[in-house]
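Student: Here it is, the structure in full.
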Amino acid sequence: MSRPALGILLLALVWGGSYALNEVALRGLDPWTISWARITLGALVIWPLAIAAGGLGALRSHARPLAVTGVIQIATPISLITVGQQWIPSSLAGVLNGSVPIFVAVLAIGLDRAERATGLRVVGVALGFAGVVAVYGLEVGGDRYAIGGALCLTGSSIFYALGPLYAKSRLAGVPQLGLVASILTAASLATAVPGLANLSRPTVPELGAVVALGVVSTGLAFALYYAVMMRIGPGRTSVVAYLIPGFAVIYGAVLLDEPIGDGIAAGLLLIAAGSYLTARRPRVAATSTP
């Protein structure tokens, strides 16, 4: 196995496991606290790497789009995921979050002509939405809390898709590690008030889950993602988005004893197939960061 392929597999393992880690942290911690701590720890990991890589001079002239991207692509979706997972299992959250490439194609209709779906990509959009409908119909049902959780995860996918479309032209040429450190910092500031307002004393497993989410799933995973992307390009790297939901389902079943219902199985297959067809030739890196 080549180094880039190994890196993609490792990213899928790490990001697929973030939903199970959220589940553990949510046993005693407020979702806003988890989101803020995760983002802040990730920023603390990335900044030394960004400084060592140099090229931070361009950040000041791009302060506004960096701040907006931090809110759109980091603070909002991560918070929606964590809030939503209060009411739905981690495996279901992972499957719903696999729809990011589908929403990239849909949002591109009005935001980026180069990303508009044509041919098989239209088929991919249809398959992806069929998968989302299957999840809602077969797994979520009429439970209002489950519906709220599923809507949060769907909303997070929309914001994950919107972020790259917004940043594509506005942040072109900004050094990538500096970009990630900046948007994580902006996201940390955006979530600080609700995150710090609900602090509580965690248990050892809860603290370990939050540290793993911040240091590994956010900081180190971002660094690895951009290292792989710089070597093989965003298109080939985006294959990780198709692997994450499968690993999320495996972690949920093996570690948390979550059942794999018909809706999760059908949604996983349809969303993965739809996302693959939709992002066959991506110009925007549509990978979510759960």
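For the structure tokens, the naming scheme is as follows: chains receive sequential letters (A, B, ...) according to their order of presentation, residues are indexed from 1 within each chain, and ligands are indexed from 1 in presentation order.
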Mind listing the helix (DSSP H, G or I) residues of range 1-220 of chain A, per DSSP on the backbone, as a PyMOL selection string?

Tutor: chain A and resi 3-25+31-53+58-61+63-84+90-111+113-115+120-140+144-170+176-197+204-220

Student: Set out as a Markdown table a contact list for range 45-136 of chain A and range 26-32 of chain A with a cut-off of 7 Å, giving each residue of range 45-136 of chain A that qualifies its closest atom pair and distance in Å to one decimal, counting only C-alpha atoms, ordered by chain and rising residue number.

Tutor:
| residue | atom | partner | partner_atom | distance |
| --- | --- | --- | --- | --- |
| A:Ser79 | CA | A:Trp32 | CA | 6.4 |
| A:Thr82 | CA | A:Pro31 | CA | 5.3 |
| A:Val83 | CA | A:Pro31 | CA | 5.4 |
| A:Gln86 | CA | A:Leu26 | CA | 6.9 |

Student: Which polymer residues have any atom within 8 Å of an atom of Glu139 in chain A, counting only C-alpha atoms, with same-chain residues fewer than 6 positions away left out, as a CSV table (one decimal) with N, CA and C atoms, in the first residue's frame?

Tutor:
chain,number,residue,atom,x,y,z
A,261,GLY,N,-29.5,-1.1,11.5
A,261,GLY,CA,-30.9,-1.3,10.9
A,261,GLY,C,-30.9,-1.2,9.4
A,262,ASP,N,-32.1,-1.5,8.9
A,262,ASP,CA,-32.2,-1.5,7.4
A,262,ASP,C,-32.0,-0.1,6.9
A,263,GLY,N,-32.4,1.0,7.6
A,263,GLY,CA,-32.3,2.3,7.1
A,263,GLY,C,-30.8,2.7,7.1
A,264,ILE,N,-30.0,2.3,8.1
A,264,ILE,CA,-28.6,2.6,8.1
A,264,ILE,C,-27.9,1.9,6.9

Student: If we count only C-alpha atoms, what is near Leu107 in chain A at a cut-off of 9 Å, once residues fewer than 2 positions away on the same chain are taken out, given as an MDAnalysis selection string?

Tutor: chainID A and resid 102:105 109:112 115:116 158 161:162 165

Student: Quick check, in Å to one decimal: how far apart do CA of Val68 in chain A and CA of Tyr160 in chain A lie?

Tutor: 12.8 Å

Student: Give me the range 24-88 of chain A side of the contact with range 166-169 of chain A, cut-off 9 Å, one line per residue showing its nearest atom pair and distance in Å at one decimal, counting only C-alpha atoms, sorted by chain and residue number, as a tab-separated table.

Tutor:
residue	atom	partner	partner_atom	distance
A:Pro65	CA	A:Ala167	CA	7.1
A:Leu66	CA	A:Ala167	CA	8.0
A:Val68	CA	A:Tyr166	CA	8.8
A:Thr69	CA	A:Ala167	CA	6.5
A:Ile72	CA	A:Tyr166	CA	8.8

Student: So which one's closest to Gly214 in chain A, A:Gly54, A:Gly84, A:Pro290, A:Gly137? Using only C-alpha atoms, please.

Tutor: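 For Gly214 in chain A, the nearest of the given residues is A:Pro290.
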
Student: Rank A:Val254, A:Ala5, A:Leu207, A:Ala187 by their smallest atom-to-atom distance to Pro77 in chain A, using only C-alpha atoms, and report the top residue only.

Tutor: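 Once distances to Pro77 in chain A are computed over only C-alpha atoms, the minimum belongs to A:Ala187.
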
Student: Calculate how many Å separate CA of Arg121 in chain A from CA of Tyr226 in chain A, rounding to one decimal.

Tutor: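 Distance reported for this atom pair: 25.5 Å.
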
Student: If we count only C-alpha atoms, what is near Leu44 in chain A at a cut-off of 10 Å, once residues fewer than 4 positions away on the same chain are taken out, given as a PDB file with C-alpha atoms, in the first residue's frame?

Tutor:
ATOM      1  CA  ILE A  39     -11.749  22.984  17.992  1.00  0.00           C
ATOM      2  CA  THR A  40      -9.433  24.784  20.406  1.00  0.00           C
ATOM      3  CA  PRO A  48       3.194  25.217  15.595  1.00  0.00           C
ATOM      4  CA  LEU A  49       3.108  23.239  12.339  1.00  0.00           C
ATOM      5  CA  ALA A 181      -4.860  27.171  11.914  1.00  0.00           C
ATOM      6  CA  LEU A 184      -9.810  26.753  13.650  1.00  0.00           C
ATOM      7  CA  THR A 185      -8.925  29.822  15.728  1.00  0.00           C
ATOM      8  CA  GLY A 214      -9.191  17.708  19.508  1.00  0.00           C
ATOM      9  CA  VAL A 215      -5.632  16.468  19.200  1.00  0.00           C
ATOM     10  CA  GLY A 219      -5.330  18.761  14.794  1.00  0.00           C
TER      11      GLY A 219
END

Student: Counting only C-alpha atoms, figure out which residue out of A:Val193, A:Leu11, A:Val140, A:Leu59 gets nearest to Val228 in chain A.

Tutor: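 Nearest to Val228 in chain A: A:Leu11.
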
Student: Extract, using only C-alpha atoms, all DNA, RNA and protein residues at most 10 Å from range 125-135 of chain A, discarding same-chain residues fewer than 3 positions from it, and format them as a PyMOL selection string.

Tutor: chain A and resi 92+95-106+117-118+120-122+138-141+150+154+261-279

Student: Include C-alpha atoms and write out the residues we just selected as an mmCIF file, in the first residue's frame.

Tutor:
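See part23.cif below for the written result:
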data_model
loop_
_atom_site.group_PDB
_atom_site.id
_atom_site.type_symbol
_atom_site.label_atom_id
_atom_site.label_comp_id
_atom_site.auth_asym_id
_atom_site.auth_seq_id
_atom_site.Cartn_x
_atom_site.Cartn_y
_atom_site.Cartn_z
ATOM 1 C CA LEU A 92 -26.616 7.119 12.029
ATOM 2 C CA VAL A 95 -24.091 7.935 7.545
ATOM 3 C CA LEU A 96 -25.972 11.233 7.337
ATOM 4 C CA ASN A 97 -22.703 13.184 7.320
ATOM 5 C CA GLY A 98 -21.592 11.208 4.273
ATOM 6 C CA SER A 99 -23.878 13.340 2.123
ATOM 7 C CA VAL A 100 -21.478 16.313 1.943
ATOM 8 C CA PRO A 101 -20.517 15.816 -1.754
ATOM 9 C CA ILE A 102 -24.228 15.658 -2.605
ATOM 10 C CA PHE A 103 -24.820 19.092 -1.105
ATOM 11 C CA VAL A 104 -21.712 20.488 -2.814
ATOM 12 C CA ALA A 105 -23.328 19.634 -6.156
ATOM 13 C CA VAL A 106 -26.687 21.104 -5.113
ATOM 14 C CA ALA A 117 -23.739 18.432 -11.604
ATOM 15 C CA THR A 118 -24.144 17.002 -15.096
ATOM 16 C CA LEU A 120 -23.677 10.792 -13.912
ATOM 17 C CA ARG A 121 -23.259 13.450 -11.230
ATOM 18 C CA VAL A 122 -27.007 14.145 -11.481
ATOM 19 C CA LEU A 138 -36.534 3.701 8.132
ATOM 20 C CA GLU A 139 -34.359 4.828 11.055
ATOM 21 C CA VAL A 140 -35.574 8.208 12.309
ATOM 22 C CA GLY A 141 -39.311 7.638 12.006
ATOM 23 C CA ALA A 150 -31.051 13.982 12.040
ATOM 24 C CA THR A 154 -28.100 17.144 7.646
ATOM 25 C CA GLY A 261 -30.865 -1.316 10.921
ATOM 26 C CA ASP A 262 -32.220 -1.468 7.397
ATOM 27 C CA GLY A 263 -32.254 2.325 7.147
ATOM 28 C CA ILE A 264 -28.583 2.636 8.091
ATOM 29 C CA ALA A 265 -27.569 -0.129 5.662
ATOM 30 C CA ALA A 266 -29.624 1.285 2.781
ATOM 31 C CA GLY A 267 -28.613 4.859 3.523
ATOM 32 C CA LEU A 268 -24.936 3.932 3.752
ATOM 33 C CA LEU A 269 -24.946 2.224 0.345
ATOM 34 C CA LEU A 270 -27.019 4.867 -1.444
ATOM 35 C CA ILE A 271 -25.235 7.880 0.040
ATOM 36 C CA ALA A 272 -21.784 6.378 -0.587
ATOM 37 C CA ALA A 273 -22.661 5.524 -4.188
ATOM 38 C CA GLY A 274 -24.251 8.915 -4.745
ATOM 39 C CA SER A 275 -21.318 10.767 -3.223
ATOM 40 C CA TYR A 276 -18.880 8.827 -5.397
ATOM 41 C CA LEU A 277 -20.738 9.648 -8.598
ATOM 42 C CA THR A 278 -21.308 13.256 -7.563
ATOM 43 C CA ALA A 279 -17.649 13.938 -6.779
#

Student: For each of A:Leu220, A:Val24, A:Ala227, A:Leu13, take the minimum atom-to-atom distance to Leu41 in chain A, counting only C-alpha atoms, then give the residue where this is smallest.

Tutor: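 Of the candidates, the smallest distance to Leu41 in chain A is held by A:Leu220.
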